[in-house]
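For reference, the structure discussed in these notes is given below.
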Amino acid sequence: MTAEDYKEGQVILIDKPLEWTSFQAVNKVRWLIRKSFGIKKIKVGHAGTLDPLATGLLIICTGKFTKKIDTFQAQEKEYTGTFSLGATTPSYDLETEIDQTFDISEITSEKIKKATQQFLGEIQQQPPVFSALKKEGKRLYEFARSGEEVEIPFRTVTISEFEITKVELPNIDFRVVCSKGTYIRSLAHDFGKALNNGAHLSALRRTKIGEFSVENAVGIEAFEASLPS
């Protein structure tokens, strides 16, 4: 691959590491390309943010291909991960401490699998307050961190597949195929409610975006190794 190839446009599939922001991954890829080819400036962007506590497929576009970002973002996504039952957190994941606990002794595998049914198809979902969505010019997590109450509107999302792949209480492994704008953290929170209990997301991996699969993605180090030094 040449400098010209990256300027003209490339789609790079990165397997985002745990605790990296999507922004950090894009910055690193941009820096590596610039350093390897001695380019002063190149457009680089990603198609769909992954939370720092999630791993998996991040589509990174360079050059003229950054114009394709909206198209990629609109595609269906597949995730695998783990819900932890019996406890909730304000962020709906492990970013914040547990704020409430519940008894899970009455929960069975049958109840868990049955609960998935109510989330299939078009559903109304409320994004987490700990998110980067904006309201009145501020990001929601800024309201959350300063302890301000904020009303978050529901949005319509589509879940086309939702299966439980393993039950080892308090943990439930799942696979979900969903539309753009779906928050898996909110799904975890709502799933707990559907069981008259509590739940939060304890692991998340994005495995597909449209036709792109994490199986064809590379880690940051492998990408660096593929570039001329």
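So you can find residues: chains in the structure tokens are A, B, ... in the order shown, residues in each start at 1, and ligands are numbered from 1 in order.
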Could you name the residues that touch Lys166 (chain A) at 12 Å or less, counting only C-alpha atoms, but leaving out those on the same chain fewer than 2 positions away, as a PyMOL selection string? chain A and resi 80-84+109-110+112-113+163-164+168-175
Spatial neighbours of Ile33 (chain A), max dist 9 Å, only C-alpha atoms, sep filter under 5 positions, as an MDAnalysis selection string: chainID A and resid 3 6 28 38:39 42 224 227
Give me, as a PyMOL selection string, all polymer residues having an atom no more than 6 Å from region 73-77 of chain A, counting only C-alpha atoms and skipping those fewer than 5 positions away in the same chain. chain A and resi 47-48+177-180+208-210
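For the atom pair formed by CA of Phe154 (chain A) and CA of Pro128 (chain A), the distance is 10.3 Å, given to one decimal.
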DSSP on the backbone, strand (DSSP E) only: what residues of region 107-214 of chain A does that give? Format it as a ChimeraX atom specification. /A:121-125,134-135,138-139,155-168,171-178,199-209,212-213
Go ahead and write the residues just picked, N, CA and C atoms, as a tab-separated table (two decimals), in the first residue's frame.
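File produced: out36.tsv:
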chain	number	residue	atom	x	y	z
A	121	GLY	N	-37.68	-6.96	17.12
A	121	GLY	CA	-38.43	-6.04	16.24
A	121	GLY	C	-38.16	-4.60	16.61
A	122	GLU	N	-39.09	-3.73	16.25
A	122	GLU	CA	-38.95	-2.30	16.57
A	122	GLU	C	-39.28	-2.08	18.03
A	123	ILE	N	-38.38	-1.45	18.77
A	123	ILE	CA	-38.64	-1.17	20.19
A	123	ILE	C	-38.31	0.29	20.50
A	124	GLN	N	-38.86	0.78	21.59
A	124	GLN	CA	-38.52	2.11	22.08
A	124	GLN	C	-37.42	1.95	23.13
A	125	GLN	N	-36.34	2.69	22.92
A	125	GLN	CA	-35.20	2.56	23.84
A	125	GLN	C	-34.73	3.94	24.29
A	134	LYS	N	-25.84	14.59	22.63
A	134	LYS	CA	-25.92	15.98	23.07
A	134	LYS	C	-27.35	16.42	23.36
A	135	LYS	N	-27.49	17.26	24.39
A	135	LYS	CA	-28.76	17.91	24.69
A	135	LYS	C	-28.43	19.33	25.15
A	138	LYS	N	-24.81	20.28	25.40
A	138	LYS	CA	-23.93	19.55	26.34
A	138	LYS	C	-24.05	18.06	26.11
A	139	ARG	N	-22.97	17.34	26.34
A	139	ARG	CA	-23.05	15.88	26.24
A	139	ARG	C	-23.76	15.35	27.48
A	155	ARG	N	-35.99	6.56	21.73
A	155	ARG	CA	-35.80	6.50	20.28
A	155	ARG	C	-36.23	5.12	19.79
A	156	THR	N	-36.61	5.05	18.53
A	156	THR	CA	-37.01	3.77	17.95
A	156	THR	C	-35.79	3.08	17.36
A	157	VAL	N	-35.54	1.85	17.80
A	157	VAL	CA	-34.45	1.05	17.24
A	157	VAL	C	-35.01	-0.32	16.87
A	158	THR	N	-34.27	-1.05	16.08
A	158	THR	CA	-34.73	-2.38	15.64
A	158	THR	C	-33.73	-3.45	16.05
A	159	ILE	N	-34.25	-4.48	16.71
A	159	ILE	CA	-33.42	-5.64	17.07
A	159	ILE	C	-33.92	-6.83	16.26
A	160	SER	N	-33.11	-7.28	15.31
A	160	SER	CA	-33.58	-8.35	14.43
A	160	SER	C	-33.23	-9.74	14.95
A	161	GLU	N	-32.18	-9.82	15.77
A	161	GLU	CA	-31.84	-11.12	16.39
A	161	GLU	C	-31.34	-10.85	17.81
A	162	PHE	N	-31.78	-11.71	18.73
A	162	PHE	CA	-31.35	-11.59	20.13
A	162	PHE	C	-31.38	-12.99	20.72
A	163	GLU	N	-30.21	-13.56	20.91
A	163	GLU	CA	-30.17	-14.91	21.48
A	163	GLU	C	-29.26	-14.97	22.69
A	164	ILE	N	-29.66	-15.82	23.63
A	164	ILE	CA	-28.85	-16.08	24.82
A	164	ILE	C	-27.98	-17.29	24.50
A	165	THR	N	-26.67	-17.12	24.59
A	165	THR	CA	-25.77	-18.21	24.18
A	165	THR	C	-25.24	-19.02	25.37
A	166	LYS	N	-25.33	-18.43	26.58
A	166	LYS	CA	-24.86	-19.16	27.77
A	166	LYS	C	-25.45	-18.51	29.02
A	167	VAL	N	-25.90	-19.35	29.96
A	167	VAL	CA	-26.40	-18.84	31.23
A	167	VAL	C	-25.56	-19.45	32.35
A	168	GLU	N	-24.85	-18.61	33.04
A	168	GLU	CA	-24.04	-19.03	34.18
A	168	GLU	C	-24.20	-17.94	35.23
A	171	ASN	N	-24.13	-14.27	35.34
A	171	ASN	CA	-23.79	-13.81	33.99
A	171	ASN	C	-24.57	-14.52	32.89
A	172	ILE	N	-24.96	-13.73	31.89
A	172	ILE	CA	-25.68	-14.23	30.73
A	172	ILE	C	-24.93	-13.78	29.49
A	173	ASP	N	-24.48	-14.72	28.66
A	173	ASP	CA	-23.83	-14.35	27.38
A	173	ASP	C	-24.90	-14.24	26.29
A	174	PHE	N	-24.71	-13.29	25.40
A	174	PHE	CA	-25.73	-13.04	24.38
A	174	PHE	C	-25.10	-12.71	23.03
A	175	ARG	N	-25.95	-12.76	22.00
A	175	ARG	CA	-25.60	-12.26	20.67
A	175	ARG	C	-26.78	-11.43	20.18
A	176	VAL	N	-26.51	-10.23	19.65
A	176	VAL	CA	-27.56	-9.31	19.22
A	176	VAL	C	-27.23	-8.76	17.84
A	177	VAL	N	-28.23	-8.71	16.97
A	177	VAL	CA	-28.10	-8.01	15.69
A	177	VAL	C	-29.09	-6.86	15.73
A	178	CYS	N	-28.61	-5.63	15.51
A	178	CYS	CA	-29.47	-4.47	15.74
A	178	CYS	C	-29.18	-3.33	14.76
A	199	ALA	N	-29.83	-5.46	35.88
A	199	ALA	CA	-28.72	-6.00	35.10
A	199	ALA	C	-27.86	-4.86	34.58
A	200	HIS	N	-26.62	-5.17	34.31
A	200	HIS	CA	-25.74	-4.21	33.65
A	200	HIS	C	-24.84	-4.96	32.67
A	201	LEU	N	-24.26	-4.23	31.74
A	201	LEU	CA	-23.39	-4.81	30.72
A	201	LEU	C	-21.99	-4.97	31.31
A	202	SER	N	-21.47	-6.20	31.27
A	202	SER	CA	-20.13	-6.41	31.85
A	202	SER	C	-19.07	-6.76	30.80
A	203	ALA	N	-19.51	-7.05	29.58
A	203	ALA	CA	-18.55	-7.28	28.48
A	203	ALA	C	-19.27	-7.03	27.17
A	204	LEU	N	-18.56	-6.45	26.20
A	204	LEU	CA	-19.17	-6.19	24.89
A	204	LEU	C	-18.12	-6.25	23.79
A	205	ARG	N	-18.48	-6.93	22.71
A	205	ARG	CA	-17.60	-7.03	21.54
A	205	ARG	C	-18.44	-6.85	20.27
A	206	ARG	N	-18.03	-5.91	19.42
A	206	ARG	CA	-18.74	-5.75	18.15
A	206	ARG	C	-18.10	-6.70	17.14
A	207	THR	N	-18.92	-7.56	16.57
A	207	THR	CA	-18.41	-8.61	15.69
A	207	THR	C	-18.66	-8.34	14.21
A	208	LYS	N	-19.71	-7.54	13.91
A	208	LYS	CA	-20.00	-7.23	12.49
A	208	LYS	C	-20.61	-5.85	12.33
A	209	ILE	N	-20.32	-5.23	11.17
A	209	ILE	CA	-21.02	-4.03	10.71
A	209	ILE	C	-21.33	-4.32	9.25
A	212	PHE	N	-18.99	-6.39	6.91
A	212	PHE	CA	-17.65	-6.41	7.50
A	212	PHE	C	-17.64	-7.20	8.81
A	213	SER	N	-16.62	-8.05	8.97
A	213	SER	CA	-16.54	-8.89	10.17
A	213	SER	C	-15.23	-8.65	10.92
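Comparing the minimum interatomic distances between Gln100 (chain A) and each of A:Glu4, A:Ile220, A:Ser186, A:Asn197, counting only C-alpha atoms, we find that A:Asn197 sits nearest.
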Which value, in Å to one decimal, gives the distance between CA of Pro17 (chain A) and CA of Gly56 (chain A)? 7.2 Å
Out of A:Leu50, A:Ala87, A:Val29, A:Ile12, which residue has the shortest atom-to-atom distance to Tyr183 (chain A) when counting only C-alpha atoms? A:Leu50
Given only C-alpha atoms as the counted atoms, nearest of A:Ser105, A:Thr66, A:Gln10, A:Thr55 to Ser22 (chain A):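 Under the stated criterion, the closest residue is A:Thr55.
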